[in-house]
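Participant: Next comes the structure file final_24.pdb, holding PDB, C-alpha atoms.
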```pdb
ATOM      1  CA  MET A 653      62.819  85.694 104.010
ATOM      2  CA  ASP A 654      59.643  83.669 103.544
ATOM      3  CA  LEU A 655      60.924  80.095 104.053
ATOM      4  CA  SER A 656      58.951  76.958 104.841
ATOM      5  CA  ILE A 657      60.557  73.556 105.400
ATOM      6  CA  ALA A 658      58.567  70.336 105.228
ATOM      7  CA  PRO A 659      58.913  66.666 104.326
ATOM      8  CA  GLY A 660      59.211  66.144 100.596
ATOM      9  CA  SER A 661      56.576  64.276  98.616
ATOM     10  CA  VAL A 662      56.571  62.475  95.287
ATOM     11  CA  ASP A 663      55.110  65.662  93.783
ATOM     12  CA  ASP A 664      58.385  67.421  94.657
ATOM     13  CA  ALA A 665      60.521  64.979  92.639
ATOM     14  CA  PRO A 666      60.690  67.021  89.393
ATOM     15  CA  SER A 667      61.596  70.201  91.291
ATOM     16  CA  ILE A 668      64.236  68.373  93.345
ATOM     17  CA  VAL A 669      65.770  67.039  90.116
ATOM     18  CA  LEU A 670      65.918  70.536  88.597
ATOM     19  CA  LEU A 671      67.438  71.963  91.782
ATOM     20  CA  ARG A 672      70.089  69.301  92.303
ATOM     21  CA  ASN A 673      71.083  69.360  88.631
ATOM     22  CA  ALA A 674      71.330  73.178  88.680
ATOM     23  CA  VAL A 675      73.660  72.990  91.685
ATOM     24  CA  ALA A 676      75.748  70.295  89.952
ATOM     25  CA  ALA A 677      76.040  72.553  86.888
ATOM     26  CA  GLN A 678      77.041  75.512  89.059
ATOM     27  CA  LEU A 679      79.748  73.492  90.824
ATOM     28  CA  THR A 680      81.032  72.161  87.502
ATOM     29  CA  ALA A 681      81.190  75.669  86.034
ATOM     30  CA  ALA A 682      83.075  76.937  89.094
ATOM     31  CA  HIS A 683      85.398  73.970  89.755
ATOM     32  CA  GLY A 684      85.524  71.836  86.609
ATOM     33  CA  ARG A 685      84.213  68.310  86.168
ATOM     34  CA  GLY A 686      84.267  66.039  89.191
ATOM     35  CA  HIS A 687      82.058  63.745  91.241
ATOM     36  CA  TRP A 688      79.907  66.804  92.025
ATOM     37  CA  SER A 689      79.006  67.015  88.311
ATOM     38  CA  SER A 690      76.670  64.014  88.437
ATOM     39  CA  CYS A 691      73.047  64.683  87.603
ATOM     40  CA  VAL A 692      70.050  62.919  89.133
ATOM     41  CA  THR A 693      66.927  61.567  87.479
ATOM     42  CA  THR A 694      63.287  61.737  88.499
ATOM     43  CA  LYS A 695      63.305  57.942  88.947
ATOM     44  CA  ALA A 696      66.244  58.128  91.394
ATOM     45  CA  VAL A 697      64.752  61.026  93.361
ATOM     46  CA  SER A 698      61.366  59.270  93.541
ATOM     47  CA  ARG A 699      63.125  56.221  95.020
ATOM     48  CA  GLU A 700      64.917  58.472  97.547
ATOM     49  CA  LEU A 701      61.573  59.986  98.565
ATOM     50  CA  ARG A 702      60.189  56.477  99.231
ATOM     51  CA  GLU A 703      63.249  55.127 101.064
ATOM     52  CA  SER A 704      64.508  58.150 103.043
ATOM     53  CA  GLN A 705      63.456  61.240 104.919
ATOM     54  CA  VAL A 706      63.649  64.090 102.407
ATOM     55  CA  LEU A 707      63.228  67.687 103.494
ATOM     56  CA  VAL A 708      62.406  70.496 101.094
ATOM     57  CA  ALA A 709      62.499  74.244 101.606
ATOM     58  CA  HIS A 710      60.160  76.560  99.707
ATOM     59  CA  SER A 711      60.370  80.307  99.373
ATOM     60  CA  ARG A 712      57.482  82.153  97.709
ATOM     61  CA  GLY A 713      56.133  78.869  96.372
ATOM     62  CA  GLU A 714      59.416  77.783  94.758
ATOM     63  CA  LEU A 715      61.493  74.820  95.938
ATOM     64  CA  VAL A 716      64.845  76.366  96.890
ATOM     65  CA  ALA A 717      66.642  73.682  98.912
ATOM     66  CA  THR A 718      66.577  70.002  99.781
ATOM     67  CA  LEU A 719      68.432  67.326 101.695
ATOM     68  CA  ARG A 720      67.947  63.650 102.374
ATOM     69  CA  LEU A 721      68.434  61.689 105.588
ATOM     70  CA  ALA A 722      68.856  57.934 105.245
ATOM     71  CA  THR A 723      69.488  55.135 107.689
ATOM     72  CA  LYS A 724      71.485  53.117 105.143
ATOM     73  CA  LYS A 725      75.221  53.821 105.231
ATOM     74  CA  PRO A 726      76.605  55.237 101.975
ATOM     75  CA  TRP A 727      79.168  53.219 100.058
ATOM     76  CA  ALA A 728      82.052  55.599 100.828
ATOM     77  CA  ILE A 729      81.604  55.818 104.609
ATOM     78  CA  ASP A 730      83.762  53.779 106.958
ATOM     79  CA  VAL A 731      81.872  53.793 110.281
ATOM     80  CA  SER A 732      85.057  53.158 112.282
ATOM     81  CA  TYR A 733      85.785  56.906 112.065
ATOM     82  CA  PHE A 734      82.545  57.902 113.801
ATOM     83  CA  THR A 735      81.237  57.981 117.358
ATOM     84  CA  GLY A 736      79.588  54.730 118.407
ATOM     85  CA  VAL A 737      75.844  55.397 118.510
ATOM     86  CA  ALA A 738      72.926  52.966 118.316
ATOM     87  CA  LYS A 739      71.301  54.724 115.339
ATOM     88  CA  ALA A 740      72.563  57.314 112.882
ATOM     89  CA  PHE A 741      71.183  59.207 109.929
ATOM     90  CA  TYR A 742      73.371  59.820 106.890
ATOM     91  CA  LEU A 743      72.916  63.169 105.151
ATOM     92  CA  HIS A 744      72.907  63.097 101.338
ATOM     93  CA  GLY A 745      72.007  65.232  98.390
ATOM     94  CA  MET A 746      71.863  68.617 100.046
ATOM     95  CA  ALA A 747      71.358  71.365  97.514
ATOM     96  CA  VAL A 748      70.484  75.050  97.784
ATOM     97  CA  HIS A 749      69.370  76.980  94.697
ATOM     98  CA  PRO A 750      72.389  79.107  93.678
ATOM     99  CA  PRO A 751      70.667  82.520  94.114
ATOM    100  CA  MET A 752      69.561  81.445  97.616
ATOM    101  CA  GLN A 753      73.024  80.370  98.784
ATOM    102  CA  ARG A 754      74.692  82.307 101.616
ATOM    103  CA  ARG A 755      71.319  83.529 102.875
ATOM    104  CA  GLY A 756      70.799  81.085 105.773
ATOM    105  CA  VAL A 757      68.622  78.629 103.838
ATOM    106  CA  GLY A 758      71.072  75.742 104.159
ATOM    107  CA  ARG A 759      71.586  76.413 107.847
ATOM    108  CA  GLU A 760      67.799  76.347 108.437
ATOM    109  CA  LEU A 761      67.482  73.111 106.497
ATOM    110  CA  VAL A 762      70.238  71.490 108.585
ATOM    111  CA  ALA A 763      68.532  72.717 111.788
ATOM    112  CA  GLN A 764      65.284  71.021 110.704
ATOM    113  CA  ALA A 765      67.198  67.848 109.811
ATOM    114  CA  LYS A 766      68.672  67.869 113.313
ATOM    115  CA  LEU A 767      65.188  68.120 114.862
ATOM    116  CA  LEU A 768      63.938  65.281 112.666
ATOM    117  CA  ALA A 769      66.906  63.108 113.638
ATOM    118  CA  GLN A 770      66.350  63.776 117.336
ATOM    119  CA  LEU A 771      62.692  62.727 117.026
ATOM    120  CA  TRP A 772      63.561  59.510 115.196
ATOM    121  CA  PRO A 773      65.656  59.141 117.550
ATOM    122  CA  ALA A 774      69.151  59.121 116.115
ATOM    123  CA  GLY A 775      72.360  59.573 118.047
ATOM    124  CA  ALA A 776      74.165  61.350 115.205
ATOM    125  CA  ILE A 777      73.985  62.699 111.690
ATOM    126  CA  ARG A 778      76.937  61.638 109.533
ATOM    127  CA  LEU A 779      78.123  62.616 106.082
ATOM    128  CA  ASP A 780      81.016  62.717 103.707
ATOM    129  CA  ALA A 781      81.954  65.815 101.724
ATOM    130  CA  TYR A 782      84.411  66.226  98.892
ATOM    131  CA  ASP A 783      87.825  67.326 100.135
ATOM    132  CA  SER A 784      88.149  69.987  97.452
ATOM    133  CA  PRO A 785      87.051  73.560  96.807
ATOM    134  CA  ALA A 786      83.767  72.110  95.453
ATOM    135  CA  GLY A 787      83.132  70.365  98.777
ATOM    136  CA  ALA A 788      80.942  71.687 101.582
ATOM    137  CA  ALA A 789      82.980  70.680 104.642
ATOM    138  CA  THR A 790      83.388  74.309 105.739
ATOM    139  CA  PHE A 791      79.622  74.845 105.580
ATOM    140  CA  TYR A 792      78.892  71.726 107.644
ATOM    141  CA  SER A 793      81.553  72.707 110.183
ATOM    142  CA  SER A 794      79.767  76.048 110.584
ATOM    143  CA  CYS A 795      76.593  74.051 111.374
ATOM    144  CA  ALA A 796      78.319  72.287 114.322
ATOM    145  CA  PHE A 797      79.414  69.142 112.463
ATOM    146  CA  ARG A 798      82.884  68.057 113.484
ATOM    147  CA  GLU A 799      85.474  66.520 111.230
ATOM    148  CA  VAL A 800      86.235  62.937 112.242
ATOM    149  CA  GLY A 801      88.485  61.850 109.395
ATOM    150  CA  ARG A 802      89.825  62.234 105.883
ATOM    151  CA  VAL A 803      90.025  59.365 103.429
ATOM    152  CA  VAL A 804      90.476  58.655  99.763
ATOM    153  CA  TYR A 805      87.819  56.337  98.406
ATOM    154  CA  ARG A 806      88.129  55.239  94.755
ATOM    155  CA  ARG A 807      90.496  58.143  94.060
ATOM    156  CA  THR A 808      88.045  60.617  95.617
ATOM    157  CA  PRO A 809      89.332  62.586  98.631
ATOM    158  CA  LEU A 810      86.593  62.842 101.256
ATOM    159  CA  VAL A 811      86.106  64.512 104.631
ATOM    160  CA  TYR A 812      83.953  62.633 107.150
ATOM    161  CA  LEU A 813      81.808  64.877 109.343
ATOM    162  CA  GLU A 814      79.497  64.095 112.251
ATOM    163  CA  LEU A 815      76.960  65.906 114.391
ATOM    164  CA  VAL A 816      76.395  64.011 117.641
ATOM    165  CA  LEU A 817      72.894  64.675 118.953
TER     166      LEU A 817
END
```
Would you mind giving the structure from this file in structure tokens?

Facilitator:
Amino acid sequence: MDLSIAPGSVDDAPSIVLLRNAVAAQLTAAHGRGHWSSCVTTKAVSRELRESQVLVAHSRGELVATLRLATKKPWAIDVSYFTGVAKAFYLHGMAVHPPMQRRGVGRELVAQAKLLAQLWPAGAIRLDAYDSPAGAATFYSSCAFREVGRVVYRRTPLVYLELVL
């Protein structure tokens, strides 16, 4: 597979919006409406590109996957569940184009995120995933993240996962 992974730029914002919204639609079709059904806007993605480290994966010139690493803790994460490290990245907004899923694209994107985090340097990458069939906890576990807790935040069951670097 012809796959290139690089930092995202403001020019990628429209493609990231299309990708993330396509994945939200796929999850909604497969699992019904839920928090995963939320769509993003170009304005929000442009802000993420300015405030975070965004990685994008292209295959044959088409954006096929993305994720965002941020230093700001998400609203639903309780840091008491995680390993004490001086600095951590929080992984958000990972999406792989539905026809490219289960082909190693997500795993490659996570591997590049890990390298980026080590260069920053961060002591860990943390995330929360939905504790439901629509969630990606199993995928992240297969990428060496370890489950550190389960919580319900605003009626949303979440799994906390961490990759210590």

Participant: In Å, rounded to a single decimal, give me how far atom CA of Ser704 of chain A is from atom CA of Val669 of chain A.

Facilitator: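 Computing the Euclidean distance for atom CA of Val669 of chain A and atom CA of Ser704 of chain A yields 15.7 Å.
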
Participant: Please write as a list in words the full residue list that the PyMOL selection byres ((chain A and resi 711-723) around 6) yields on this file.

Facilitator: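 After applying the PyMOL selection byres ((chain A and resi 711-723) around 6), what remains is Asp654, Leu655, Ser704, Gln705, Val706, Leu707, Val708, Ala709, His710, Lys724, Phe741, Tyr742, Leu743, His744, Gly745, Met746, Ala747, Val748 and His749 of chain A.
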
Participant: Run the PyMOL selection byres ((chain A and resi 800) around 7) on the file and write out the hits as a VMD selection string.

Facilitator: chain A and resid 733 to 734 798 to 799 801 812 to 814

Participant: Box in all listed atoms of segment 663-679 of chain A, axis-aligned, with 8 Å more on each side; write out centre and edge lengths in Å to one decimal as AutoDock Vina command-line options.

Facilitator:
```
--center_x 67.4 --center_y 70.2 --center_z 90.8 --size_x 40.6 --size_y 26.5 --size_z 23.8
```

Participant: Go through A:Lys739, A:Arg672, A:His687, A:Lys766 one by one, measure the shortest atom-to-atom distance of each to Asp783 of chain A using only C-alpha atoms, and give the residue with the smallest value.

Facilitator: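 Under the stated criterion, the closest residue is A:His687.
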
Participant: For atom CA of Arg759 of chain A and atom CA of Ser698 of chain A, quote the distance in Å rounded to one decimal.

Facilitator: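 According to the coordinates, atom CA of Arg759 of chain A and atom CA of Ser698 of chain A are separated by 24.6 Å.
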
Participant: Excluding segment 785-790 of chain A and its own-chain neighbours fewer than 6 positions away, which residues fall within 7 Å of it when counting all atoms listed in the file? Please give them as a PDB file with C-alpha atoms, in the frame of the given file.

Facilitator:
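Output file out05.pdb is given in full below:
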```
ATOM      1  CA  LEU A 679      79.748  73.492  90.824  1.00  0.00           C
ATOM      2  CA  HIS A 683      85.398  73.970  89.755  1.00  0.00           C
ATOM      3  CA  VAL A 811      86.106  64.512 104.631  1.00  0.00           C
TER       4      VAL A 811
END
```

Participant: For each of A:Glu760, A:Val662, A:Thr680, A:Ser793, take the minimum atom-to-atom distance to Thr694 of chain A, counting all atoms listed in the file, then give the residue where this is smallest.

Facilitator: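 Of all the options, A:Val662 lies closest to Thr694 of chain A.
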
Participant: Using all atoms listed in the file, which of the listed residues (A:Thr808, A:Ser667, A:Gln678, A:Ser732) sits closest to Gln753 of chain A?

Facilitator: A:Gln678

Participant: From the options A:Leu670, A:Ala776, A:Ala665, A:Ala738, which residue's atoms come nearest to Arg702 of chain A, counting all atoms listed in the file?

Facilitator: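 Using all atoms listed in the file, the shortest distance to Arg702 of chain A belongs to A:Ala665.
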
Participant: Using only C-alpha atoms, which residue out of A:Leu701, A:Cys691, A:Val737, A:Ile657 lies closest to Ala763 of chain A?

Facilitator: A:Ile657
